[in-house]
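What's in start36.cif: mmCIF, C-alpha atoms and all ligand atoms
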data_run
loop_
_atom_site.label_atom_id
_atom_site.label_comp_id
_atom_site.auth_asym_id
_atom_site.auth_seq_id
_atom_site.Cartn_x
_atom_site.Cartn_y
_atom_site.Cartn_z
CA MET R 602 97.20 126.51 42.92
CA HIS R 603 94.56 128.59 41.29
CA THR R 604 96.11 132.04 41.99
CA ASP R 605 98.73 130.90 39.49
CA LEU R 606 96.10 131.55 36.86
CA LEU R 607 96.19 135.30 37.49
CA ALA R 608 99.62 136.05 35.99
CA ARG R 609 98.87 133.71 33.14
CA ALA R 610 95.47 135.27 32.50
CA LEU R 611 97.07 138.73 32.36
CA GLU R 612 99.80 137.50 30.00
CA HIS R 613 97.16 135.84 27.88
CA GLU R 614 95.47 139.24 27.44
CA HIS R 615 98.80 140.67 26.25
CA HIS R 616 99.14 137.90 23.67
CA GLU R 617 95.59 138.26 22.38
CA ILE R 618 95.99 142.01 22.00
CA ASP R 619 99.37 141.54 20.25
CA ALA R 620 97.78 139.02 17.88
CA GLY R 621 95.02 141.47 16.88
CA ILE R 622 97.54 144.22 16.21
CA ALA R 623 99.78 141.84 14.24
CA ALA R 624 96.79 140.69 12.18
CA PHE R 625 96.07 144.29 11.20
CA ALA R 626 99.75 144.92 10.39
CA ALA R 627 99.70 141.88 8.09
CA ALA R 628 96.38 142.77 6.43
CA PRO R 629 95.62 146.47 6.89
CA GLY R 630 92.50 146.17 4.74
CA ASP R 631 90.65 144.51 7.61
CA ARG R 632 90.23 146.89 10.55
CA GLN R 633 88.15 144.48 12.66
CA PRO R 634 91.01 142.73 14.49
CA LEU R 635 92.65 146.08 15.21
CA MET R 636 89.50 147.67 16.60
CA ARG R 637 88.88 144.62 18.78
CA ALA R 638 92.49 144.67 20.01
CA LEU R 639 92.40 148.40 20.78
CA GLY R 640 89.20 147.97 22.80
CA ALA R 641 90.73 145.03 24.65
CA LEU R 642 93.89 147.04 25.34
CA ARG R 643 91.93 149.94 26.82
CA ARG R 644 90.05 147.54 29.08
CA HIS R 645 93.31 145.80 30.03
CA ILE R 646 94.85 149.14 31.05
CA TYR R 647 91.69 149.97 33.00
CA LEU R 648 91.91 146.68 34.92
CA GLU R 649 95.56 147.23 35.69
CA GLU R 650 95.14 150.81 36.86
CA GLU R 651 91.90 150.43 38.80
CA PHE R 652 92.35 146.95 40.26
CA LEU R 653 95.70 145.22 39.80
CA PHE R 654 98.12 148.04 40.56
CA PRO R 655 96.36 149.31 43.70
CA LEU R 656 96.16 145.74 45.04
CA LEU R 657 99.84 145.17 44.35
CA ALA R 658 100.97 148.49 45.81
CA GLU R 659 98.86 147.87 48.90
CA ALA R 660 100.25 144.37 49.40
CA GLU R 661 103.83 145.44 48.67
CA PRO R 662 104.71 149.14 48.97
CA ALA R 663 108.10 148.52 47.30
CA LEU R 664 106.19 148.02 44.04
CA ALA R 665 105.04 151.66 43.96
CA PRO R 666 107.99 152.87 41.82
CA PRO R 667 107.58 150.26 39.04
CA VAL R 668 103.82 150.87 39.12
CA PHE R 669 104.51 154.59 38.62
CA VAL R 670 106.61 153.80 35.53
CA MET R 671 103.83 151.58 34.15
CA LEU R 672 101.27 154.37 34.64
CA ARG R 673 103.48 156.78 32.71
CA GLU R 674 103.89 154.27 29.90
CA HIS R 675 100.13 153.68 29.82
CA ALA R 676 99.65 157.38 29.07
CA GLN R 677 102.10 157.13 26.15
CA ILE R 678 100.35 153.99 24.89
CA TRP R 679 96.95 155.69 25.33
CA ASP R 680 98.11 158.56 23.12
CA THR R 681 99.17 156.13 20.40
CA LEU R 682 95.85 154.30 20.75
CA ASP R 683 93.88 157.51 20.23
CA SER R 684 95.94 158.45 17.17
CA LEU R 685 95.82 154.95 15.71
CA GLU R 686 92.07 154.64 16.20
CA HIS R 687 91.62 157.98 14.47
CA ALA R 688 94.00 157.13 11.60
CA ALA R 689 92.45 153.70 11.04
CA ALA R 690 88.91 155.07 11.11
CA ASN R 691 89.54 157.99 8.77
CA ALA R 692 92.37 156.83 6.57
CA THR R 693 93.34 160.48 6.29
CA GLY R 694 96.79 162.03 6.04
CA GLY R 695 99.11 162.65 8.96
CA GLU R 696 100.78 159.75 10.67
CA SER R 697 99.74 156.64 8.88
CA ALA R 698 98.00 153.77 10.61
CA ALA R 699 100.90 151.52 9.61
CA ALA R 700 103.49 153.73 11.33
CA LEU R 701 101.31 154.03 14.43
CA THR R 702 100.80 150.28 14.49
CA ARG R 703 104.58 149.81 14.49
CA GLN R 704 104.93 152.41 17.24
CA LEU R 705 102.29 150.69 19.39
CA THR R 706 103.90 147.29 18.83
CA VAL R 707 107.26 148.57 20.09
CA GLN R 708 105.70 150.35 23.07
CA LEU R 709 103.81 147.20 24.07
CA LEU R 710 106.84 144.98 23.62
CA HIS R 711 108.82 146.92 26.22
CA HIS R 712 105.90 147.65 28.52
CA ASN R 713 104.51 144.11 28.61
CA MET R 714 107.93 142.57 29.20
CA LYS R 715 108.39 144.70 32.32
CA GLU R 716 104.92 143.91 33.64
CA GLU R 717 105.38 140.22 33.04
CA LYS R 718 108.78 140.16 34.75
CA ILE R 719 108.26 142.56 37.64
CA LEU R 720 104.56 142.91 38.44
CA TYR R 721 102.54 139.94 37.23
CA PRO R 722 104.43 137.32 39.27
CA ARG R 723 103.43 139.34 42.35
CA ALA R 724 99.77 138.95 41.41
CA ASP R 725 100.19 135.28 42.20
CA GLU R 726 101.29 136.21 45.72
CA LEU R 727 98.29 138.41 46.53
CA PRO R 728 96.18 137.45 49.53
CA ALA R 729 93.37 135.12 48.48
CA ALA R 730 90.61 137.72 48.90
CA ALA R 731 92.42 140.26 46.72
CA ALA R 732 93.25 137.61 44.13
CA ASP R 733 89.60 136.54 44.00
CA ARG R 734 88.49 140.13 43.53
CA LEU R 735 90.94 140.61 40.70
CA ARG R 736 89.95 137.35 39.07
CA SER R 737 86.30 138.31 39.01
CA PHE R 738 87.13 141.73 37.55
CA LEU R 739 89.23 140.04 34.86
CA ALA R 740 86.31 137.83 33.98
CA SER R 741 83.57 140.43 33.88
CA ALA R 742 84.63 144.08 34.19
CA LYS R 743 83.66 146.40 31.35
CA LEU R 744 85.50 149.57 30.47
CA PRO R 745 83.33 152.45 31.72
CA ASP R 746 82.32 154.96 29.03
CA GLY R 747 84.76 157.81 28.81
CA TRP R 748 87.33 156.23 31.13
CA VAL R 749 90.85 157.58 30.46
CA CYS R 750 94.06 156.23 31.98
CA VAL R 751 95.25 158.11 35.04
CA LYS R 752 98.21 159.96 33.58
CA ALA R 753 96.44 160.90 30.34
CA ARG R 754 93.78 162.86 32.23
CA PRO R 755 93.92 166.65 31.95
CA ARG R 756 95.15 168.26 35.13
CA LEU R 757 93.36 171.13 36.75
CA GLY R 758 93.87 174.30 34.72
CA GLU R 759 95.10 172.45 31.65
CA PRO R 760 93.04 172.21 28.48
CA ALA R 761 91.61 168.77 27.69
CA ARG R 762 93.69 166.71 25.25
CA ALA R 763 91.32 167.19 22.35
CA GLU R 764 91.64 170.97 22.64
CA ARG R 765 95.43 171.08 22.62
FE FE D 801 100.08 147.86 31.40
FE FE D 802 99.50 144.60 30.92
#
As structure tokens:
Amino acid sequence: MHTDLLARALEHEHHEIDAGIAAFAAAPGDRQPLMRALGALRRHIYLEEEFLFPLLAEAEPALAPPVFVMLREHAQIWDTLDSLEHAAANATGGESAAALTRQLTVQLLHHNMKEEKILYPRADELPAAAADRLRSFLASAKLPDGWVCVKARPRLGEPARAER
């Protein structure tokens, strides 16, 4: 059954991203794997928030609460991503890239486990048309310039993150 590939494809993205982060943790002199993994993680979050989660919540309204928790965790992960990207690029003081890498690893461990247990299996139960749509996004979607995860966006009347 080819929809079976969806959950596995999503899990595969988790593993690839984890591997890039682990490679940087093991050899911090080489930023390439980290930068690739951070880009892949942003795109992965984009796919989940713009395509996977709405499809799941539409097919099964009972999934709205776990989706809400995942969105909140994405915002925390996004914050760490921004800080880590900055620390790795500048090698300046403040929180070190190593500490941020550890923080991101722990955040992803908990987050990914929940997605893989609660949400991804449901992707395999999506109606065929929705599953096909998601599969084609997984294969080809690019992260739009300037896209920010939903719960990390400044709300009306609040200063943008960079100004805080
Ligand atoms: Fe996620
Ligand atoms: Fe995920």
Selection within 8 Å of ligand FE 802 (chain D) by all atoms listed in the file, output as an MDAnalysis selection string: chainID R and resid 611:612 614:615 645:646 649 712:713 716:717
Neighbourhood of ligand FE 801 (chain D) at 12 Å, counting all atoms listed in the file, reported as a PyMOL selection string: chain R and resi 611-612+614-615+618+641-654+667-679+708-717+719-721+750-751
Output file for the residues above (C-alpha atoms, as a PDB file, in the frame of the given file):
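Wrote it out as selection.pdb, contents follow:
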ATOM      1  CA  LEU R 611      97.070 138.730  32.360  1.00  0.00           C
ATOM      2  CA  GLU R 612      99.800 137.500  30.000  1.00  0.00           C
ATOM      3  CA  GLU R 614      95.470 139.240  27.440  1.00  0.00           C
ATOM      4  CA  HIS R 615      98.800 140.670  26.250  1.00  0.00           C
ATOM      5  CA  ILE R 618      95.990 142.010  22.000  1.00  0.00           C
ATOM      6  CA  ALA R 641      90.730 145.030  24.650  1.00  0.00           C
ATOM      7  CA  LEU R 642      93.890 147.040  25.340  1.00  0.00           C
ATOM      8  CA  ARG R 643      91.930 149.940  26.820  1.00  0.00           C
ATOM      9  CA  ARG R 644      90.050 147.540  29.080  1.00  0.00           C
ATOM     10  CA  HIS R 645      93.310 145.800  30.030  1.00  0.00           C
ATOM     11  CA  ILE R 646      94.850 149.140  31.050  1.00  0.00           C
ATOM     12  CA  TYR R 647      91.690 149.970  33.000  1.00  0.00           C
ATOM     13  CA  LEU R 648      91.910 146.680  34.920  1.00  0.00           C
ATOM     14  CA  GLU R 649      95.560 147.230  35.690  1.00  0.00           C
ATOM     15  CA  GLU R 650      95.140 150.810  36.860  1.00  0.00           C
ATOM     16  CA  GLU R 651      91.900 150.430  38.800  1.00  0.00           C
ATOM     17  CA  PHE R 652      92.350 146.950  40.260  1.00  0.00           C
ATOM     18  CA  LEU R 653      95.700 145.220  39.800  1.00  0.00           C
ATOM     19  CA  PHE R 654      98.120 148.040  40.560  1.00  0.00           C
ATOM     20  CA  PRO R 667     107.580 150.260  39.040  1.00  0.00           C
ATOM     21  CA  VAL R 668     103.820 150.870  39.120  1.00  0.00           C
ATOM     22  CA  PHE R 669     104.510 154.590  38.620  1.00  0.00           C
ATOM     23  CA  VAL R 670     106.610 153.800  35.530  1.00  0.00           C
ATOM     24  CA  MET R 671     103.830 151.580  34.150  1.00  0.00           C
ATOM     25  CA  LEU R 672     101.270 154.370  34.640  1.00  0.00           C
ATOM     26  CA  ARG R 673     103.480 156.780  32.710  1.00  0.00           C
ATOM     27  CA  GLU R 674     103.890 154.270  29.900  1.00  0.00           C
ATOM     28  CA  HIS R 675     100.130 153.680  29.820  1.00  0.00           C
ATOM     29  CA  ALA R 676      99.650 157.380  29.070  1.00  0.00           C
ATOM     30  CA  GLN R 677     102.100 157.130  26.150  1.00  0.00           C
ATOM     31  CA  ILE R 678     100.350 153.990  24.890  1.00  0.00           C
ATOM     32  CA  TRP R 679      96.950 155.690  25.330  1.00  0.00           C
ATOM     33  CA  GLN R 708     105.700 150.350  23.070  1.00  0.00           C
ATOM     34  CA  LEU R 709     103.810 147.200  24.070  1.00  0.00           C
ATOM     35  CA  LEU R 710     106.840 144.980  23.620  1.00  0.00           C
ATOM     36  CA  HIS R 711     108.820 146.920  26.220  1.00  0.00           C
ATOM     37  CA  HIS R 712     105.900 147.650  28.520  1.00  0.00           C
ATOM     38  CA  ASN R 713     104.510 144.110  28.610  1.00  0.00           C
ATOM     39  CA  MET R 714     107.930 142.570  29.200  1.00  0.00           C
ATOM     40  CA  LYS R 715     108.390 144.700  32.320  1.00  0.00           C
ATOM     41  CA  GLU R 716     104.920 143.910  33.640  1.00  0.00           C
ATOM     42  CA  GLU R 717     105.380 140.220  33.040  1.00  0.00           C
ATOM     43  CA  ILE R 719     108.260 142.560  37.640  1.00  0.00           C
ATOM     44  CA  LEU R 720     104.560 142.910  38.440  1.00  0.00           C
ATOM     45  CA  TYR R 721     102.540 139.940  37.230  1.00  0.00           C
ATOM     46  CA  CYS R 750      94.060 156.230  31.980  1.00  0.00           C
ATOM     47  CA  VAL R 751      95.250 158.110  35.040  1.00  0.00           C
TER      48      VAL R 751
END
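Straight-line separation from CA of Ala724 (chain R) to CA of Ala740 (chain R): 15.4 Å.
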Between CA of Leu685 (chain R) and CA of Leu735 (chain R) - distance in Å to one decimal: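 For CA of Leu735 (chain R) relative to CA of Leu685 (chain R), the distance reads 29.2 Å.
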Residue nearest Glu617 (chain R) among R:Pro745, R:Pro634, R:Pro629, R:Pro755 (counting all atoms listed in the file):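 Under the stated criterion, the closest residue is R:Pro634.
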Nearest residue to Leu607 (chain R) from the set R:Gly758, R:Pro728, R:Pro722, R:Gly630 (distances using only C-alpha atoms):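 Ranked by minimum distance to Leu607 (chain R), first place goes to R:Pro722.
Going from CA of Arg754 (chain R) over to CA of Ser697 (chain R), you cover 24.9 Å.
Of the residues under consideration (R:Ile622, R:Leu705, R:Ala658, R:Ala698), R:Ala658 shows the shortest atom-to-atom contact distance to Ala731 (chain R) when counting all atoms listed in the file.
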Neighbours of point (93.1, 140.5, 18.4) within 9 Å, using all atoms listed in the file, written as a PyMOL selection string: chain R and resi 616-625+633-639+641
Counting only C-alpha atoms, the residue of R:Asp733, R:Asp680, R:Glu686, R:Glu659 that sits nearest Ala753 (chain R): R:Asp680
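Compared by their closest atoms to Ala690 (chain R), and using all atoms listed in the file, the residues R:Glu661, R:Asp631, R:Glu759, R:Asp746 rank with R:Asp631 nearest.
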Using only C-alpha atoms: which of R:Thr706, R:Ala665, R:Asp683, R:Ala729 has the shortest distance to Gly640 (chain R):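 The answer is R:Asp683, which sits nearest to Gly640 (chain R).
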